[in-house]
Amino acid sequence: MTDSDRDRKQRWTQTHAAIERAFNDLTIPPDDYTTIRQYVQNEAAQLYEHGSTSFIIFGSYRNDYQRRLRLVQYELSKPTTWTATLIGDIPDPELTCLRSQSDPLGFLLKLHLFSSFADRLVGVYEKDSGGEAPELSVISHDPYFKKTRVFPRDYCLDGEQPLDKDDVIRQAVTIWFTADSRDKTRRQKLKEIRGLLVHAQENDVSITETEIVEILEQREADGFDEHAHYSWVHLSAFRKFEQHGRCHTWWTTDDLRRTVSLVYRQNL
């Protein structure tokens, strides 16, 4: 058997496994199997390039959220041996299954296929609603979990001990952007942040007023006017990734770019 034959066999084995994970015991019509085979050959070819590392990126396509996904895609496409694709840019396979027209099950199959084929999966999160939530539920479990890293904005669990730098930033963001703070002057908010810094220094957290103000001003420029909120379901997934060293919080758009670049250059 040639290397090419072995690659095709492995690819079809992966495809069958993805079909089973997506559909369980659902019977697939023969025409849909043909469609899936052609779909894999046409849409997944770049994921099989020898000597390259492929990334699939998950997240929200709404408003400015998509702009930040594109930024992550750009960062992960810089090395010549890396390819990065947004899951939403990939068309769904046009399956019929139990219907006479294109079936939404095609999306579920695409999700499992490309999560199986890609070398790395990247989740970028900023809110607790939308299509990215069910995607997170898929990639936070085997067989995808071990090749996934998540990047939630403003992720920081309340009450974590000991106090760390992210806790201090989160509290500063709350001071600066909550509804109660809108009637306060800049001087009043800075006074509260200085009190926060005293508490941080007492807990051996190294961060300066200048660092915090730069983050807050950059968030204003980014349009982040409040702390990101997540459901308990999201937080449980993030916590699971955190415990395995694969959850990376960020506070500004520039911070996201730097964090993604640093994490993957150190962990490939």
# chains A, B, ... in the order shown; residues from 1 in each chain; ligands from 1

$ residues_around --residues "range 89-93 of chain A" --least-positions-apart "6" --cutoff "8 Å" --atoms "only C-alpha atoms" --output "ChimeraX atom specification"
/A:35-36,39,43,106-107,109-110

$ residues_around --residues "Glu192 in chain A" --least-positions-apart "5" --cutoff "10 Å" --atoms "only C-alpha atoms" --output "NGL selection string"
:A and (172 or 175-176 or 187 or 197)

$ residues_around --residues "range 133-137 of chain A" --least-positions-apart "6" --cutoff "12 Å" --atoms "only C-alpha atoms" --output "VMD selection string"
chain A and resid 56 to 60 87 to 88 107 to 112 114 to 115 121 to 127 144 to 145 148 to 152 230 to 238 240 to 241

$ write_last_selection --atoms "C-alpha atoms" --output "mmCIF file, in the first residue's frame"
data_model
loop_
_atom_site.group_PDB
_atom_site.id
_atom_site.type_symbol
_atom_site.label_atom_id
_atom_site.label_comp_id
_atom_site.auth_asym_id
_atom_site.auth_seq_id
_atom_site.Cartn_x
_atom_site.Cartn_y
_atom_site.Cartn_z
ATOM 1 C CA ILE A 56 -9.961 25.725 12.999
ATOM 2 C CA ILE A 57 -11.293 28.795 14.809
ATOM 3 C CA PHE A 58 -14.643 28.937 16.635
ATOM 4 C CA GLY A 59 -16.500 31.999 17.901
ATOM 5 C CA SER A 60 -19.195 34.557 17.144
ATOM 6 C CA ILE A 87 -15.495 27.227 10.958
ATOM 7 C CA GLY A 88 -18.177 29.611 9.689
ATOM 8 C CA PHE A 107 -23.708 21.664 9.988
ATOM 9 C CA LEU A 108 -23.343 19.118 12.777
ATOM 10 C CA LEU A 109 -21.376 16.835 10.507
ATOM 11 C CA LYS A 110 -19.125 19.712 9.394
ATOM 12 C CA LEU A 111 -18.428 20.531 13.023
ATOM 13 C CA HIS A 112 -17.332 16.982 13.807
ATOM 14 C CA PHE A 114 -13.280 19.554 10.807
ATOM 15 C CA SER A 115 -12.779 19.147 14.544
ATOM 16 C CA LEU A 121 -8.911 23.940 17.625
ATOM 17 C CA VAL A 122 -9.198 27.535 18.856
ATOM 18 C CA GLY A 123 -12.241 28.995 20.640
ATOM 19 C CA VAL A 124 -12.633 32.773 21.123
ATOM 20 C CA TYR A 125 -15.453 33.793 23.477
ATOM 21 C CA GLU A 126 -16.933 37.112 24.558
ATOM 22 C CA LYS A 127 -20.560 36.324 25.511
ATOM 23 C CA TYR A 144 -11.339 17.105 20.565
ATOM 24 C CA PHE A 145 -10.537 18.394 24.050
ATOM 25 C CA THR A 148 -8.336 22.662 21.907
ATOM 26 C CA ARG A 149 -7.463 25.935 23.604
ATOM 27 C CA VAL A 150 -10.039 28.557 24.546
ATOM 28 C CA PHE A 151 -9.596 32.327 24.782
ATOM 29 C CA PRO A 152 -12.492 33.866 26.747
ATOM 30 C CA TYR A 230 -20.930 33.997 30.844
ATOM 31 C CA SER A 231 -23.435 31.357 31.845
ATOM 32 C CA TRP A 232 -22.540 28.750 34.439
ATOM 33 C CA VAL A 233 -22.319 26.228 31.594
ATOM 34 C CA HIS A 234 -19.669 28.354 29.854
ATOM 35 C CA LEU A 235 -17.770 28.864 33.086
ATOM 36 C CA SER A 236 -17.699 25.128 33.776
ATOM 37 C CA ALA A 237 -16.167 24.498 30.332
ATOM 38 C CA PHE A 238 -13.628 27.295 30.769
ATOM 39 C CA LYS A 240 -12.104 22.500 32.746
ATOM 40 C CA PHE A 241 -9.734 23.964 30.147
#

$ select_by_dssp --residues "range 96-253 of chain A" --states "strand (DSSP E or B)" --output "number ranges by chain"
A: 120-125, 148-153, 247, 250

$ write_last_selection --atoms "N, CA and C atoms" --output "JSON list (two decimals), in the first residue's frame"
[["chain", "number", "residue", "atom", "x", "y", "z"],
["A", 120, "ARG", "N", -5.24, 21.70, 15.42],
["A", 120, "ARG", "CA", -5.52, 22.51, 16.60],
["A", 120, "ARG", "C", -6.89, 23.16, 16.46],
["A", 121, "LEU", "N", -7.62, 23.26, 17.58],
["A", 121, "LEU", "CA", -8.91, 23.94, 17.63],
["A", 121, "LEU", "C", -8.79, 25.14, 18.56],
["A", 122, "VAL", "N", -9.35, 26.27, 18.13],
["A", 122, "VAL", "CA", -9.20, 27.53, 18.86],
["A", 122, "VAL", "C", -10.58, 28.14, 19.08],
["A", 123, "GLY", "N", -10.96, 28.37, 20.33],
["A", 123, "GLY", "CA", -12.24, 29.00, 20.64],
["A", 123, "GLY", "C", -12.04, 30.38, 21.22],
["A", 124, "VAL", "N", -12.71, 31.39, 20.64],
["A", 124, "VAL", "CA", -12.63, 32.77, 21.12],
["A", 124, "VAL", "C", -14.03, 33.17, 21.61],
["A", 125, "TYR", "N", -14.14, 33.56, 22.88],
["A", 125, "TYR", "CA", -15.45, 33.79, 23.48],
["A", 125, "TYR", "C", -15.53, 35.16, 24.15],
["A", 148, "THR", "N", -7.59, 21.41, 21.87],
["A", 148, "THR", "CA", -8.34, 22.66, 21.91],
["A", 148, "THR", "C", -7.78, 23.60, 22.97],
["A", 149, "ARG", "N", -7.73, 24.87, 22.64],
["A", 149, "ARG", "CA", -7.46, 25.94, 23.60],
["A", 149, "ARG", "C", -8.56, 26.98, 23.46],
["A", 150, "VAL", "N", -8.98, 27.55, 24.59],
["A", 150, "VAL", "CA", -10.04, 28.56, 24.55],
["A", 150, "VAL", "C", -9.50, 29.89, 25.05],
["A", 151, "PHE", "N", -10.03, 30.97, 24.47],
["A", 151, "PHE", "CA", -9.60, 32.33, 24.78],
["A", 151, "PHE", "C", -10.82, 33.17, 25.12],
["A", 152, "PRO", "N", -11.33, 33.07, 26.36],
["A", 152, "PRO", "CA", -12.49, 33.87, 26.75],
["A", 152, "PRO", "C", -12.07, 35.26, 27.24],
["A", 153, "ARG", "N", -12.75, 36.27, 26.74],
["A", 153, "ARG", "CA", -12.47, 37.64, 27.22],
["A", 153, "ARG", "C", -12.97, 37.77, 28.66],
["A", 247, "CYS", "N", -6.76, 27.38, 28.97],
["A", 247, "CYS", "CA", -7.70, 28.50, 28.98],
["A", 247, "CYS", "C", -6.90, 29.78, 29.19],
["A", 250, "TRP", "N", -8.17, 37.23, 28.14],
["A", 250, "TRP", "CA", -7.63, 38.44, 27.52],
["A", 250, "TRP", "C", -8.56, 39.60, 27.85]]

$ select_by_dssp --residues "range 186-254 of chain A" --states "helix (DSSP H, G or I)" --output "ChimeraX atom specification"
/A:186-202,209-222,232-243,253-254

$ closest_residue --among "A:Tyr61, A:Tyr33, A:Trp82, A:Tyr74" --to "Thr15 in chain A" --atoms "only C-alpha atoms"
A:Tyr33

$ atom_distance --atom1 "CA of Phe55 in chain A" --atom2 "CA of Lys165 in chain A"
29.3 Å

$ residues_around --residues "His50 in chain A" --least-positions-apart "4" --cutoff "12 Å" --atoms "only C-alpha atoms" --output "number ranges by chain"
A: 3-4, 7, 45-46, 54, 81-83, 119

$ closest_residue --among "A:Arg11, A:Val205, A:Phe224, A:Gly130" --to "Val40 in chain A" --atoms "only C-alpha atoms"
A:Arg11

$ residues_around --residues "Glu211 in chain A" --least-positions-apart "3" --cutoff "12 Å" --atoms "only C-alpha atoms" --output "list of chain:residue names"
A:Lys165, A:Val168, A:Ile169, A:Ala172, A:Ile193, A:Leu197, A:Ser206, A:Ile207, A:Thr208, A:Glu214, A:Ile215, A:Leu216, A:Glu217, A:Gln218, A:Trp251

$ write_last_selection --atoms "N, CA and C atoms" --output "PDB file, in the first residue's frame"
ATOM      1  N   LYS A 165      -3.211  38.627  39.201  1.00  0.00           N
ATOM      2  CA  LYS A 165      -3.273  39.818  38.359  1.00  0.00           C
ATOM      3  C   LYS A 165      -4.607  39.930  37.620  1.00  0.00           C
ATOM      4  N   VAL A 168      -7.303  41.382  39.796  1.00  0.00           N
ATOM      5  CA  VAL A 168      -7.173  42.831  39.964  1.00  0.00           C
ATOM      6  C   VAL A 168      -7.708  43.555  38.733  1.00  0.00           C
ATOM      7  N   ILE A 169      -7.372  43.068  37.557  1.00  0.00           N
ATOM      8  CA  ILE A 169      -7.864  43.701  36.329  1.00  0.00           C
ATOM      9  C   ILE A 169      -9.386  43.611  36.260  1.00  0.00           C
ATOM     10  N   ALA A 172     -10.860  46.122  38.492  1.00  0.00           N
ATOM     11  CA  ALA A 172     -10.676  47.471  37.939  1.00  0.00           C
ATOM     12  C   ALA A 172     -11.677  47.729  36.816  1.00  0.00           C
ATOM     13  N   ILE A 193      -9.504  52.690  42.269  1.00  0.00           N
ATOM     14  CA  ILE A 193      -8.511  51.766  41.719  1.00  0.00           C
ATOM     15  C   ILE A 193      -7.228  51.800  42.540  1.00  0.00           C
ATOM     16  N   LEU A 197      -5.283  48.751  44.264  1.00  0.00           N
ATOM     17  CA  LEU A 197      -3.851  48.455  44.110  1.00  0.00           C
ATOM     18  C   LEU A 197      -3.172  48.220  45.459  1.00  0.00           C
ATOM     19  N   SER A 206       1.838  41.927  41.439  1.00  0.00           N
ATOM     20  CA  SER A 206       2.636  42.981  40.822  1.00  0.00           C
ATOM     21  C   SER A 206       1.903  43.575  39.619  1.00  0.00           C
ATOM     22  N   ILE A 207       1.310  44.756  39.822  1.00  0.00           N
ATOM     23  CA  ILE A 207       0.661  45.482  38.734  1.00  0.00           C
ATOM     24  C   ILE A 207       0.609  46.955  39.136  1.00  0.00           C
ATOM     25  N   THR A 208       0.801  47.847  38.160  1.00  0.00           N
ATOM     26  CA  THR A 208       0.865  49.277  38.458  1.00  0.00           C
ATOM     27  C   THR A 208      -0.398  49.993  37.998  1.00  0.00           C
ATOM     28  N   GLU A 214      -3.894  51.865  31.202  1.00  0.00           N
ATOM     29  CA  GLU A 214      -3.701  51.558  29.780  1.00  0.00           C
ATOM     30  C   GLU A 214      -4.696  50.504  29.310  1.00  0.00           C
ATOM     31  N   ILE A 215      -4.945  49.477  30.124  1.00  0.00           N
ATOM     32  CA  ILE A 215      -5.913  48.434  29.770  1.00  0.00           C
ATOM     33  C   ILE A 215      -7.316  49.027  29.678  1.00  0.00           C
ATOM     34  N   LEU A 216      -7.688  49.846  30.645  1.00  0.00           N
ATOM     35  CA  LEU A 216      -9.027  50.442  30.656  1.00  0.00           C
ATOM     36  C   LEU A 216      -9.243  51.365  29.465  1.00  0.00           C
ATOM     37  N   GLU A 217      -8.240  52.166  29.139  1.00  0.00           N
ATOM     38  CA  GLU A 217      -8.363  53.081  27.999  1.00  0.00           C
ATOM     39  C   GLU A 217      -8.410  52.316  26.681  1.00  0.00           C
ATOM     40  N   GLN A 218      -7.646  51.226  26.584  1.00  0.00           N
ATOM     41  CA  GLN A 218      -7.688  50.422  25.368  1.00  0.00           C
ATOM     42  C   GLN A 218      -9.044  49.735  25.227  1.00  0.00           C
ATOM     43  N   TRP A 251      -8.012  40.825  27.744  1.00  0.00           N
ATOM     44  CA  TRP A 251      -8.747  42.002  28.210  1.00  0.00           C
ATOM     45  C   TRP A 251      -8.953  43.045  27.125  1.00  0.00           C
TER      46      TRP A 251
END

$ atom_distance --atom1 "CA of Ala17 in chain A" --atom2 "CA of Asp103 in chain A"
19.8 Å

$ atom_distance --atom1 "CA of Val213 in chain A" --atom2 "CA of Arg186 in chain A"
10.7 Å
